[in-house]
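S.K.: Okay, so here is target13.cif, and as you'll see once you scroll down, it has mmCIF, C-alpha atoms.
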```cif
data_work
#
loop_
_atom_site.group_PDB
_atom_site.id
_atom_site.type_symbol
_atom_site.label_atom_id
_atom_site.label_comp_id
_atom_site.auth_asym_id
_atom_site.auth_seq_id
_atom_site.Cartn_x
_atom_site.Cartn_y
_atom_site.Cartn_z
ATOM 1 C CA LYS D 1 0.090 -16.184 -12.456
ATOM 2 C CA ALA D 2 -1.696 -17.188 -9.286
ATOM 3 C CA GLY D 3 -3.414 -14.492 -7.256
ATOM 4 C CA VAL D 4 -3.382 -13.884 -3.542
ATOM 5 C CA THR D 5 -4.281 -17.096 -1.737
ATOM 6 C CA GLN D 6 -5.823 -17.181 1.698
ATOM 7 C CA THR D 7 -6.433 -20.206 3.893
ATOM 8 C CA PRO D 8 -8.648 -21.328 5.412
ATOM 9 C CA ARG D 9 -11.590 -19.785 3.619
ATOM 10 C CA TYR D 10 -14.112 -20.474 6.355
ATOM 11 C CA LEU D 11 -13.709 -21.313 10.000
ATOM 12 C CA ILE D 12 -15.702 -21.355 13.194
ATOM 13 C CA LYS D 13 -14.048 -20.861 16.561
ATOM 14 C CA THR D 14 -15.210 -20.626 20.144
ATOM 15 C CA ARG D 15 -14.725 -17.592 22.346
ATOM 16 C CA GLY D 16 -11.378 -17.688 24.084
ATOM 17 C CA GLN D 17 -9.692 -19.778 21.417
ATOM 18 C CA GLN D 18 -7.040 -18.523 19.079
ATOM 19 C CA VAL D 19 -6.874 -18.613 15.303
ATOM 20 C CA THR D 20 -4.170 -18.379 12.659
ATOM 21 C CA LEU D 21 -4.901 -17.242 9.120
ATOM 22 C CA SER D 22 -2.497 -17.655 6.256
ATOM 23 C CA CYS D 23 -1.850 -15.584 3.153
ATOM 24 C CA SER D 24 0.355 -16.328 0.151
ATOM 25 C CA PRO D 25 0.958 -13.207 -1.941
ATOM 26 C CA ILE D 26 1.270 -13.003 -5.682
ATOM 27 C CA SER D 27 4.629 -14.360 -6.788
ATOM 28 C CA GLY D 28 7.245 -11.630 -6.575
ATOM 29 C CA HIS D 29 5.197 -9.425 -4.268
ATOM 30 C CA ARG D 30 6.981 -8.560 -1.052
ATOM 31 C CA SER D 31 4.355 -6.502 0.733
ATOM 32 C CA VAL D 32 1.425 -8.118 2.503
ATOM 33 C CA SER D 33 -1.275 -6.255 4.352
ATOM 34 C CA TRP D 34 -4.325 -7.401 6.276
ATOM 35 C CA TYR D 35 -7.762 -5.844 6.588
ATOM 36 C CA GLN D 36 -10.782 -6.703 8.683
ATOM 37 C CA GLN D 37 -14.230 -6.245 7.173
ATOM 38 C CA THR D 38 -17.367 -6.141 9.306
ATOM 39 C CA PRO D 39 -20.852 -4.786 8.601
ATOM 40 C CA GLY D 40 -20.548 -2.244 11.390
ATOM 41 C CA GLN D 41 -16.996 -0.982 10.986
ATOM 42 C CA GLY D 42 -16.443 -1.527 7.283
ATOM 43 C CA LEU D 43 -12.913 -2.186 6.066
ATOM 44 C CA GLN D 44 -10.224 -1.524 8.633
ATOM 45 C CA PHE D 45 -6.471 -1.841 8.247
ATOM 46 C CA LEU D 46 -4.793 -4.319 10.569
ATOM 47 C CA PHE D 47 -1.114 -4.316 9.605
ATOM 48 C CA GLU D 48 1.379 -4.368 6.766
ATOM 49 C CA TYR D 49 4.524 -6.403 6.354
ATOM 50 C CA PHE D 50 7.368 -5.868 3.936
ATOM 51 C CA SER D 51 10.472 -8.027 3.803
ATOM 52 C CA GLU D 52 9.536 -9.709 7.088
ATOM 53 C CA THR D 53 9.185 -6.390 8.925
ATOM 54 C CA GLN D 54 5.964 -4.917 10.214
ATOM 55 C CA ARG D 55 5.855 -1.438 8.730
ATOM 56 C CA ASN D 56 2.482 -0.251 9.859
ATOM 57 C CA LYS D 57 -0.168 -1.287 12.329
ATOM 58 C CA GLY D 58 -3.797 -0.291 12.622
ATOM 59 C CA ASN D 59 -5.736 0.485 15.747
ATOM 60 C CA PHE D 60 -6.377 -3.047 16.985
ATOM 61 C CA PRO D 61 -5.645 -4.605 20.377
ATOM 62 C CA GLY D 62 -2.522 -6.637 20.986
ATOM 63 C CA ARG D 63 -4.537 -9.847 20.554
ATOM 64 C CA PHE D 64 -4.085 -9.291 16.851
ATOM 65 C CA SER D 65 -0.611 -10.089 15.625
ATOM 66 C CA GLY D 66 1.076 -11.134 12.454
ATOM 67 C CA ARG D 67 4.300 -12.090 10.842
ATOM 68 C CA GLN D 68 5.855 -12.517 7.450
ATOM 69 C CA PHE D 69 8.226 -15.230 6.364
ATOM 70 C CA SER D 70 11.237 -15.040 4.078
ATOM 71 C CA ASN D 71 9.137 -16.299 1.144
ATOM 72 C CA SER D 72 6.742 -13.351 1.739
ATOM 73 C CA ARG D 73 3.933 -15.573 2.994
ATOM 74 C CA SER D 74 2.196 -14.037 5.953
ATOM 75 C CA GLU D 75 0.144 -15.229 8.884
ATOM 76 C CA MET D 76 -2.068 -13.335 11.236
ATOM 77 C CA ASN D 77 -3.047 -14.584 14.640
ATOM 78 C CA VAL D 78 -5.891 -13.586 16.892
ATOM 79 C CA SER D 79 -5.718 -14.814 20.470
ATOM 80 C CA THR D 80 -8.471 -14.987 23.083
ATOM 81 C CA LEU D 81 -11.183 -14.662 20.482
ATOM 82 C CA GLU D 82 -14.195 -12.483 21.169
ATOM 83 C CA LEU D 83 -17.584 -12.517 19.459
ATOM 84 C CA GLY D 84 -16.726 -9.148 17.898
ATOM 85 C CA ASP D 85 -13.806 -10.695 16.038
ATOM 86 C CA SER D 86 -16.251 -12.393 13.696
ATOM 87 C CA ALA D 87 -15.410 -10.875 10.336
ATOM 88 C CA LEU D 88 -14.034 -11.335 6.869
ATOM 89 C CA TYR D 89 -10.250 -11.036 7.000
ATOM 90 C CA LEU D 90 -8.775 -9.880 3.729
ATOM 91 C CA CYS D 91 -5.159 -10.182 2.754
ATOM 92 C CA ALA D 92 -3.636 -7.983 0.078
ATOM 93 C CA SER D 93 -0.286 -8.036 -1.668
ATOM 94 C CA SER D 94 1.713 -5.542 -3.650
ATOM 95 C CA LEU D 95 5.080 -5.403 -5.302
ATOM 96 C CA LYS D 96 6.554 -2.665 -3.144
ATOM 97 C CA ALA D 97 5.807 -1.322 0.267
ATOM 98 C CA GLY D 98 2.610 0.593 0.807
ATOM 99 C CA GLY D 99 1.587 3.345 -1.570
ATOM 100 C CA ALA D 100 4.799 3.820 -3.543
ATOM 101 C CA GLY D 101 3.023 3.663 -6.878
ATOM 102 C CA ASN D 102 1.664 0.239 -6.140
ATOM 103 C CA THR D 103 -1.397 -1.587 -7.216
ATOM 104 C CA ILE D 104 -2.761 -3.638 -4.367
ATOM 105 C CA TYR D 105 -4.397 -6.994 -5.043
ATOM 106 C CA PHE D 106 -6.677 -8.822 -2.635
ATOM 107 C CA GLY D 107 -7.344 -12.447 -1.829
ATOM 108 C CA GLU D 108 -10.779 -13.996 -1.418
ATOM 109 C CA GLY D 109 -10.693 -13.595 2.325
ATOM 110 C CA SER D 110 -11.051 -15.822 5.346
ATOM 111 C CA TRP D 111 -14.458 -15.866 6.983
ATOM 112 C CA LEU D 112 -14.098 -16.176 10.757
ATOM 113 C CA THR D 113 -17.121 -16.843 12.919
ATOM 114 C CA VAL D 114 -16.695 -16.787 16.687
ATOM 115 C CA VAL D 115 -19.411 -18.521 18.696
ATOM 116 C CA ALA O 1 -6.039 11.737 8.666
ATOM 117 C CA GLN O 2 -7.415 10.879 5.283
ATOM 118 C CA THR O 3 -11.098 10.113 4.897
ATOM 119 C CA VAL O 4 -13.094 8.697 2.010
ATOM 120 C CA THR O 5 -16.817 9.307 1.684
ATOM 121 C CA GLN O 6 -19.290 7.457 -0.484
ATOM 122 C CA SER O 7 -22.638 9.156 -0.045
ATOM 123 C CA GLN O 8 -24.712 6.637 -2.007
ATOM 124 C CA PRO O 9 -25.278 3.455 0.021
ATOM 125 C CA GLU O 10 -27.283 1.925 -2.844
ATOM 126 C CA MET O 11 -27.686 2.554 -6.537
ATOM 127 C CA SER O 12 -29.559 0.731 -9.263
ATOM 128 C CA VAL O 13 -29.351 0.901 -13.028
ATOM 129 C CA GLN O 14 -31.096 -0.704 -15.942
ATOM 130 C CA GLU O 15 -29.005 -3.212 -17.863
ATOM 131 C CA ALA O 16 -27.102 -1.560 -20.749
ATOM 132 C CA GLU O 17 -27.523 1.896 -19.195
ATOM 133 C CA THR O 18 -24.851 4.105 -17.630
ATOM 134 C CA VAL O 19 -24.426 4.732 -13.914
ATOM 135 C CA THR O 20 -22.101 6.979 -11.933
ATOM 136 C CA LEU O 21 -20.953 6.228 -8.404
ATOM 137 C CA SER O 22 -19.707 9.134 -6.288
ATOM 138 C CA CYS O 23 -16.685 9.380 -4.028
ATOM 139 C CA THR O 24 -15.106 12.300 -2.236
ATOM 140 C CA TYR O 25 -11.988 12.260 -0.122
ATOM 141 C CA ASP O 26 -10.121 14.510 2.202
ATOM 142 C CA THR O 27 -6.354 14.781 2.335
ATOM 143 C CA SER O 28 -3.684 17.385 2.771
ATOM 144 C CA GLU O 29 -1.261 15.444 0.610
ATOM 145 C CA SER O 30 -0.593 16.036 -3.072
ATOM 146 C CA ASP O 31 0.857 12.668 -4.065
ATOM 147 C CA TYR O 32 -1.528 9.773 -3.726
ATOM 148 C CA TYR O 33 -3.489 7.118 -5.577
ATOM 149 C CA LEU O 34 -7.189 6.445 -5.783
ATOM 150 C CA PHE O 35 -8.854 3.144 -6.544
ATOM 151 C CA TRP O 36 -12.239 1.678 -7.189
ATOM 152 C CA TYR O 37 -12.654 -1.888 -6.016
ATOM 153 C CA LYS O 38 -15.589 -4.177 -6.730
ATOM 154 C CA GLN O 39 -16.708 -6.762 -4.189
ATOM 155 C CA PRO O 40 -19.195 -9.280 -5.625
ATOM 156 C CA PRO O 41 -21.070 -11.780 -3.447
ATOM 157 C CA SER O 42 -17.946 -13.977 -3.428
ATOM 158 C CA ARG O 43 -16.457 -11.148 -1.286
ATOM 159 C CA GLN O 44 -13.159 -11.011 -3.175
ATOM 160 C CA MET O 45 -12.035 -7.425 -3.603
ATOM 161 C CA ILE O 46 -11.379 -6.912 -7.309
ATOM 162 C CA LEU O 47 -9.521 -3.882 -8.615
ATOM 163 C CA VAL O 48 -11.622 -1.998 -11.151
ATOM 164 C CA ILE O 49 -9.580 1.098 -11.871
ATOM 165 C CA ARG O 50 -6.638 3.096 -10.529
ATOM 166 C CA GLN O 51 -5.890 6.823 -10.743
ATOM 167 C CA GLU O 52 -2.617 8.560 -9.971
ATOM 168 C CA ALA O 53 -3.180 11.978 -8.437
ATOM 169 C CA TYR O 54 -0.435 13.680 -10.413
ATOM 170 C CA LYS O 55 -1.986 12.616 -13.708
ATOM 171 C CA GLN O 56 -4.661 14.957 -14.973
ATOM 172 C CA GLN O 57 -5.973 12.460 -17.502
ATOM 173 C CA ASN O 58 -8.854 10.397 -16.225
ATOM 174 C CA ALA O 59 -8.233 6.655 -16.096
ATOM 175 C CA THR O 60 -10.327 4.309 -18.208
ATOM 176 C CA GLU O 61 -10.628 0.524 -18.297
ATOM 177 C CA ASN O 62 -13.000 -0.725 -20.974
ATOM 178 C CA ARG O 63 -16.530 0.174 -19.777
ATOM 179 C CA PHE O 64 -15.216 1.793 -16.583
ATOM 180 C CA SER O 65 -13.962 5.345 -16.396
ATOM 181 C CA VAL O 66 -13.411 7.906 -13.693
ATOM 182 C CA ASN O 67 -13.967 11.614 -13.355
ATOM 183 C CA PHE O 68 -11.082 12.788 -11.186
ATOM 184 C CA GLN O 69 -11.374 16.340 -9.911
ATOM 185 C CA LYS O 70 -8.300 16.921 -7.752
ATOM 186 C CA ALA O 71 -9.185 20.410 -6.576
ATOM 187 C CA ALA O 72 -12.652 19.297 -5.569
ATOM 188 C CA LYS O 73 -11.272 16.032 -4.124
ATOM 189 C CA SER O 74 -13.821 14.081 -6.081
ATOM 190 C CA PHE O 75 -13.354 10.703 -7.753
ATOM 191 C CA SER O 76 -16.479 9.287 -9.383
ATOM 192 C CA LEU O 77 -16.784 6.012 -11.272
ATOM 193 C CA LYS O 78 -18.808 5.746 -14.451
ATOM 194 C CA ILE O 79 -19.935 2.337 -15.648
ATOM 195 C CA SER O 80 -21.155 2.302 -19.232
ATOM 196 C CA ASP O 81 -23.310 -0.392 -20.819
ATOM 197 C CA SER O 82 -24.040 -1.931 -17.404
ATOM 198 C CA GLN O 83 -24.073 -5.714 -17.298
ATOM 199 C CA LEU O 84 -25.606 -8.140 -14.827
ATOM 200 C CA GLY O 85 -22.114 -9.122 -13.736
ATOM 201 C CA ASP O 86 -21.463 -5.568 -12.582
ATOM 202 C CA ALA O 87 -23.793 -6.082 -9.615
ATOM 203 C CA ALA O 88 -21.612 -5.774 -6.506
ATOM 204 C CA MET O 89 -20.472 -3.522 -3.711
ATOM 205 C CA TYR O 90 -18.144 -0.841 -4.997
ATOM 206 C CA PHE O 91 -15.535 0.689 -2.712
ATOM 207 C CA CYS O 92 -13.561 3.835 -3.309
ATOM 208 C CA ALA O 93 -10.118 3.778 -1.694
ATOM 209 C CA TYR O 94 -7.214 6.152 -1.114
ATOM 210 C CA ILE O 95 -3.549 5.515 -0.467
ATOM 211 C CA SER O 96 -0.770 7.987 0.109
ATOM 212 C CA ASN O 97 2.371 7.614 -1.943
ATOM 213 C CA PHE O 98 4.513 7.980 1.131
ATOM 214 C CA GLY O 99 4.333 7.905 4.877
ATOM 215 C CA ASN O 100 1.442 5.972 6.313
ATOM 216 C CA GLU O 101 0.846 3.589 3.440
ATOM 217 C CA LYS O 102 -2.457 1.890 4.005
ATOM 218 C CA LEU O 103 -5.636 1.870 1.999
ATOM 219 C CA THR O 104 -8.432 3.984 3.417
ATOM 220 C CA PHE O 105 -11.805 2.793 2.171
ATOM 221 C CA GLY O 106 -15.183 4.417 1.834
ATOM 222 C CA THR O 107 -18.275 2.702 3.183
ATOM 223 C CA GLY O 108 -19.235 1.305 -0.208
ATOM 224 C CA THR O 109 -22.089 1.577 -2.690
ATOM 225 C CA ARG O 110 -24.239 -1.444 -3.446
ATOM 226 C CA LEU O 111 -24.990 -1.500 -7.161
ATOM 227 C CA THR O 112 -27.986 -3.433 -8.443
ATOM 228 C CA ILE O 113 -28.459 -4.139 -12.144
ATOM 229 C CA ILE O 114 -32.067 -4.360 -13.285
ATOM 230 C CA PRO O 115 -32.555 -6.775 -16.208
#
```
Mind converting the file's structure to structure tokens?
M.R.:
Amino acid sequence: KAGVTQTPRYLIKTRGQQVTLSCSPISGHRSVSWYQQTPGQGLQFLFEYFSETQRNKGNFPGRFSGRQFSNSRSEMNVSTLELGDSALYLCASSLKAGGAGNTIYFGEGSWLTVV
Amino acid sequence: AQTVTQSQPEMSVQEAETVTLSCTYDTSESDYYLFWYKQPPSRQMILVIRQEAYKQQNATENRFSVNFQKAAKSFSLKISDSQLGDAAMYFCAYISNFGNEKLTFGTGTRLTIIP
């Protein structure tokens, strides 16, 4: 079956703009989580959604937000982009919420460059 | 808070040889899962192997095996018969089985395969 799908794969935005990234989980998976990967900070947890509810949020400013739809697809939005938001944004899906004996599968990521 | 430490930023191994990547973690919990993920140049995070903390038997997946020492909080990855396709960044990750369910990653080890 299809894996975790993220769109767009690559995008360039200007400071001050906003961006929306999309993630379609593996069929049947109800949990979607987002991670930011940068050379300086490594992999950092952004948030997790399960059944359309945000269950957990990482230590990021309010400019970072997300949501999950009834079909488990998720979007994350970053408003008022800053140069430091340039990163690889990884989406992951799992069958159940969080740890709970899950295996967590990742998408190929969305490369965001802010200029 | 849980932490994951990978003390080897870079490792190299001759093709067909065996290499071991180190990982230590810190947690006060007893029920958790540990993972090794591989991130090739494509940047997709690929699950290599998964270990459940309550299982004493070390996990194996073909040429990949782990040495899980719960008391020492150590979780090393052994790659046997190394192949050129094994070249990648390898991340050790921890997730609790309850509570704050998010993956905590180490800083990664870049593995180079020498032909």
S.K.: Provide the atom CA of D:Cys91 to atom CA of O:Ala87 distance in Å, to one decimal place.
M.R.: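 Distance between the two atoms: 22.7 Å.
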S.K.: I would like the residues chosen by the PyMOL selection byres ((chain O) within 7 of (chain D)) on the shown file; could you give them as a list in words?
M.R.: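 Output of the PyMOL selection byres ((chain O) within 7 of (chain D)): Arg43, Gln44, Met45, Ile46, Leu47, Ile95, Ser96, Asn97, Phe98, Glu101, Lys102, Phe105 and Thr107 of chain O.
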S.K.: Would you mind listing what lies within 12 Å of stretch 55-60 of chain O as an MDAnalysis selection string, with only C-alpha atoms counted and same-chain residues fewer than 2 positions away left out?
M.R.: chainID O and resid 30:36 48:53 62:71 74:80
S.K.: I'd like the interatomic distance between atom CA of D:Arg73 and atom CA of D:Gln36, to a tenth of an Å.
M.R.: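 Computed distance, atom CA of D:Arg73 to atom CA of D:Gln36, equals 18.1 Å.
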S.K.: Once you count only C-alpha atoms, which residues end up no further than 9 Å from (-29.1, -5.3, -16.8) in the file's frame, shown as a list in words?
M.R.: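 Every residue inside that radius is included here: Val13, Gln14, Glu15, Ala16, Glu17, Asp81, Ser82, Gln83, Leu84, Gly85, Asp86, Ala87, Thr112, Ile113, Ile114 and Pro115 of chain O.
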S.K.: Just give me the gap between atom CA of D:Pro25 and atom CA of O:Gln2 in Å, one decimal is fine.
M.R.: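 Taking atom CA of D:Pro25 as the start and atom CA of O:Gln2 as the end point, the length is 26.5 Å.
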S.K.: Check what the PyMOL selection byres ((chain D and resi 94) around 6) selects in the file above and give those residues as a PDB file with C-alpha atoms, keeping the file's coordinate frame.
M.R.:
```
ATOM      1  CA  HIS D  29       5.197  -9.425  -4.268  1.00  0.00           C
ATOM      2  CA  SER D  31       4.355  -6.502   0.733  1.00  0.00           C
ATOM      3  CA  SER D  93      -0.286  -8.036  -1.668  1.00  0.00           C
ATOM      4  CA  LEU D  95       5.080  -5.403  -5.302  1.00  0.00           C
ATOM      5  CA  LYS D  96       6.554  -2.665  -3.144  1.00  0.00           C
ATOM      6  CA  ILE D 104      -2.761  -3.638  -4.367  1.00  0.00           C
TER       7      ILE D 104
END
```
S.K.: Generate the missing atoms of stretch 66-100 of chain D up to N, CA and C atoms and report them as a PDB file, in the frame of the given file.
M.R.:
```pdb
ATOM      1  N   GLY D  66       0.780 -10.530  13.741  1.00  0.00           N
ATOM      2  CA  GLY D  66       1.076 -11.134  12.454  1.00  0.00           C
ATOM      3  C   GLY D  66       2.557 -11.322  12.287  1.00  0.00           C
ATOM      4  N   ARG D  67       2.891 -11.951  11.192  1.00  0.00           N
ATOM      5  CA  ARG D  67       4.300 -12.090  10.842  1.00  0.00           C
ATOM      6  C   ARG D  67       4.396 -12.388   9.356  1.00  0.00           C
ATOM      7  N   GLN D  68       5.604 -12.210   8.848  1.00  0.00           N
ATOM      8  CA  GLN D  68       5.855 -12.517   7.450  1.00  0.00           C
ATOM      9  C   GLN D  68       7.123 -13.352   7.375  1.00  0.00           C
ATOM     10  N   PHE D  69       7.096 -14.325   6.507  1.00  0.00           N
ATOM     11  CA  PHE D  69       8.226 -15.230   6.364  1.00  0.00           C
ATOM     12  C   PHE D  69       9.123 -14.796   5.204  1.00  0.00           C
ATOM     13  N   SER D  70      10.257 -15.444   5.096  1.00  0.00           N
ATOM     14  CA  SER D  70      11.237 -15.040   4.078  1.00  0.00           C
ATOM     15  C   SER D  70      10.699 -15.239   2.652  1.00  0.00           C
ATOM     16  N   ASN D  71       9.723 -16.116   2.484  1.00  0.00           N
ATOM     17  CA  ASN D  71       9.137 -16.299   1.144  1.00  0.00           C
ATOM     18  C   ASN D  71       7.950 -15.361   0.909  1.00  0.00           C
ATOM     19  N   SER D  72       7.776 -14.390   1.787  1.00  0.00           N
ATOM     20  CA  SER D  72       6.742 -13.351   1.739  1.00  0.00           C
ATOM     21  C   SER D  72       5.370 -13.824   2.200  1.00  0.00           C
ATOM     22  N   ARG D  73       5.197 -15.105   2.425  1.00  0.00           N
ATOM     23  CA  ARG D  73       3.933 -15.573   2.994  1.00  0.00           C
ATOM     24  C   ARG D  73       3.729 -14.952   4.363  1.00  0.00           C
ATOM     25  N   SER D  74       2.483 -14.714   4.690  1.00  0.00           N
ATOM     26  CA  SER D  74       2.196 -14.037   5.953  1.00  0.00           C
ATOM     27  C   SER D  74       1.126 -14.805   6.722  1.00  0.00           C
ATOM     28  N   GLU D  75       1.180 -14.694   8.006  1.00  0.00           N
ATOM     29  CA  GLU D  75       0.144 -15.229   8.884  1.00  0.00           C
ATOM     30  C   GLU D  75      -0.317 -14.132   9.818  1.00  0.00           C
ATOM     31  N   MET D  76      -1.596 -14.186  10.156  1.00  0.00           N
ATOM     32  CA  MET D  76      -2.068 -13.335  11.236  1.00  0.00           C
ATOM     33  C   MET D  76      -2.708 -14.220  12.301  1.00  0.00           C
ATOM     34  N   ASN D  77      -2.560 -13.813  13.509  1.00  0.00           N
ATOM     35  CA  ASN D  77      -3.047 -14.584  14.640  1.00  0.00           C
ATOM     36  C   ASN D  77      -3.935 -13.706  15.510  1.00  0.00           C
ATOM     37  N   VAL D  78      -5.037 -14.274  15.933  1.00  0.00           N
ATOM     38  CA  VAL D  78      -5.891 -13.586  16.892  1.00  0.00           C
ATOM     39  C   VAL D  78      -6.030 -14.500  18.101  1.00  0.00           C
ATOM     40  N   SER D  79      -5.628 -14.009  19.256  1.00  0.00           N
ATOM     41  CA  SER D  79      -5.718 -14.814  20.470  1.00  0.00           C
ATOM     42  C   SER D  79      -6.942 -14.400  21.283  1.00  0.00           C
ATOM     43  N   THR D  80      -7.349 -15.252  22.182  1.00  0.00           N
ATOM     44  CA  THR D  80      -8.471 -14.987  23.083  1.00  0.00           C
ATOM     45  C   THR D  80      -9.641 -14.376  22.304  1.00  0.00           C
ATOM     46  N   LEU D  81     -10.148 -15.152  21.385  1.00  0.00           N
ATOM     47  CA  LEU D  81     -11.183 -14.662  20.482  1.00  0.00           C
ATOM     48  C   LEU D  81     -12.408 -14.143  21.212  1.00  0.00           C
ATOM     49  N   GLU D  82     -12.949 -13.068  20.663  1.00  0.00           N
ATOM     50  CA  GLU D  82     -14.195 -12.483  21.169  1.00  0.00           C
ATOM     51  C   GLU D  82     -15.241 -12.538  20.052  1.00  0.00           C
ATOM     52  N   LEU D  83     -16.512 -12.456  20.455  1.00  0.00           N
ATOM     53  CA  LEU D  83     -17.584 -12.517  19.459  1.00  0.00           C
ATOM     54  C   LEU D  83     -17.395 -11.436  18.390  1.00  0.00           C
ATOM     55  N   GLY D  84     -16.908 -10.267  18.820  1.00  0.00           N
ATOM     56  CA  GLY D  84     -16.726  -9.148  17.898  1.00  0.00           C
ATOM     57  C   GLY D  84     -15.622  -9.341  16.884  1.00  0.00           C
ATOM     58  N   ASP D  85     -14.860 -10.415  17.019  1.00  0.00           N
ATOM     59  CA  ASP D  85     -13.806 -10.695  16.038  1.00  0.00           C
ATOM     60  C   ASP D  85     -14.356 -11.398  14.814  1.00  0.00           C
ATOM     61  N   SER D  86     -15.619 -11.783  14.860  1.00  0.00           N
ATOM     62  CA  SER D  86     -16.251 -12.393  13.696  1.00  0.00           C
ATOM     63  C   SER D  86     -16.225 -11.400  12.546  1.00  0.00           C
ATOM     64  N   ALA D  87     -15.625 -11.809  11.439  1.00  0.00           N
ATOM     65  CA  ALA D  87     -15.410 -10.875  10.336  1.00  0.00           C
ATOM     66  C   ALA D  87     -14.846 -11.610   9.141  1.00  0.00           C
ATOM     67  N   LEU D  88     -14.779 -10.879   8.034  1.00  0.00           N
ATOM     68  CA  LEU D  88     -14.034 -11.335   6.869  1.00  0.00           C
ATOM     69  C   LEU D  88     -12.648 -10.705   6.961  1.00  0.00           C
ATOM     70  N   TYR D  89     -11.628 -11.536   6.936  1.00  0.00           N
ATOM     71  CA  TYR D  89     -10.250 -11.036   7.000  1.00  0.00           C
ATOM     72  C   TYR D  89      -9.649 -11.129   5.614  1.00  0.00           C
ATOM     73  N   LEU D  90      -9.299  -9.969   5.078  1.00  0.00           N
ATOM     74  CA  LEU D  90      -8.775  -9.880   3.729  1.00  0.00           C
ATOM     75  C   LEU D  90      -7.280  -9.632   3.754  1.00  0.00           C
ATOM     76  N   CYS D  91      -6.594 -10.375   2.925  1.00  0.00           N
ATOM     77  CA  CYS D  91      -5.159 -10.182   2.754  1.00  0.00           C
ATOM     78  C   CYS D  91      -4.937  -9.528   1.391  1.00  0.00           C
ATOM     79  N   ALA D  92      -3.959  -8.651   1.331  1.00  0.00           N
ATOM     80  CA  ALA D  92      -3.636  -7.983   0.078  1.00  0.00           C
ATOM     81  C   ALA D  92      -2.137  -8.011  -0.143  1.00  0.00           C
ATOM     82  N   SER D  93      -1.726  -8.069  -1.400  1.00  0.00           N
ATOM     83  CA  SER D  93      -0.286  -8.036  -1.668  1.00  0.00           C
ATOM     84  C   SER D  93       0.026  -6.984  -2.721  1.00  0.00           C
ATOM     85  N   SER D  94       1.235  -6.505  -2.661  1.00  0.00           N
ATOM     86  CA  SER D  94       1.713  -5.542  -3.650  1.00  0.00           C
ATOM     87  C   SER D  94       3.211  -5.728  -3.830  1.00  0.00           C
ATOM     88  N   LEU D  95       3.684  -5.188  -4.937  1.00  0.00           N
ATOM     89  CA  LEU D  95       5.080  -5.403  -5.302  1.00  0.00           C
ATOM     90  C   LEU D  95       6.025  -4.704  -4.321  1.00  0.00           C
ATOM     91  N   LYS D  96       5.710  -3.459  -4.020  1.00  0.00           N
ATOM     92  CA  LYS D  96       6.554  -2.665  -3.144  1.00  0.00           C
ATOM     93  C   LYS D  96       5.782  -2.334  -1.888  1.00  0.00           C
ATOM     94  N   ALA D  97       6.441  -1.653  -0.997  1.00  0.00           N
ATOM     95  CA  ALA D  97       5.807  -1.322   0.267  1.00  0.00           C
ATOM     96  C   ALA D  97       4.770  -0.236   0.090  1.00  0.00           C
ATOM     97  N   GLY D  98       3.640  -0.418   0.682  1.00  0.00           N
ATOM     98  CA  GLY D  98       2.610   0.593   0.807  1.00  0.00           C
ATOM     99  C   GLY D  98       2.236   1.279  -0.486  1.00  0.00           C
ATOM    100  N   GLY D  99       2.072   2.579  -0.439  1.00  0.00           N
ATOM    101  CA  GLY D  99       1.587   3.345  -1.570  1.00  0.00           C
ATOM    102  C   GLY D  99       2.531   3.333  -2.735  1.00  0.00           C
ATOM    103  N   ALA D 100       3.689   3.858  -2.598  1.00  0.00           N
ATOM    104  CA  ALA D 100       4.799   3.820  -3.543  1.00  0.00           C
ATOM    105  C   ALA D 100       4.453   3.464  -4.977  1.00  0.00           C
TER     106      ALA D 100
END
```
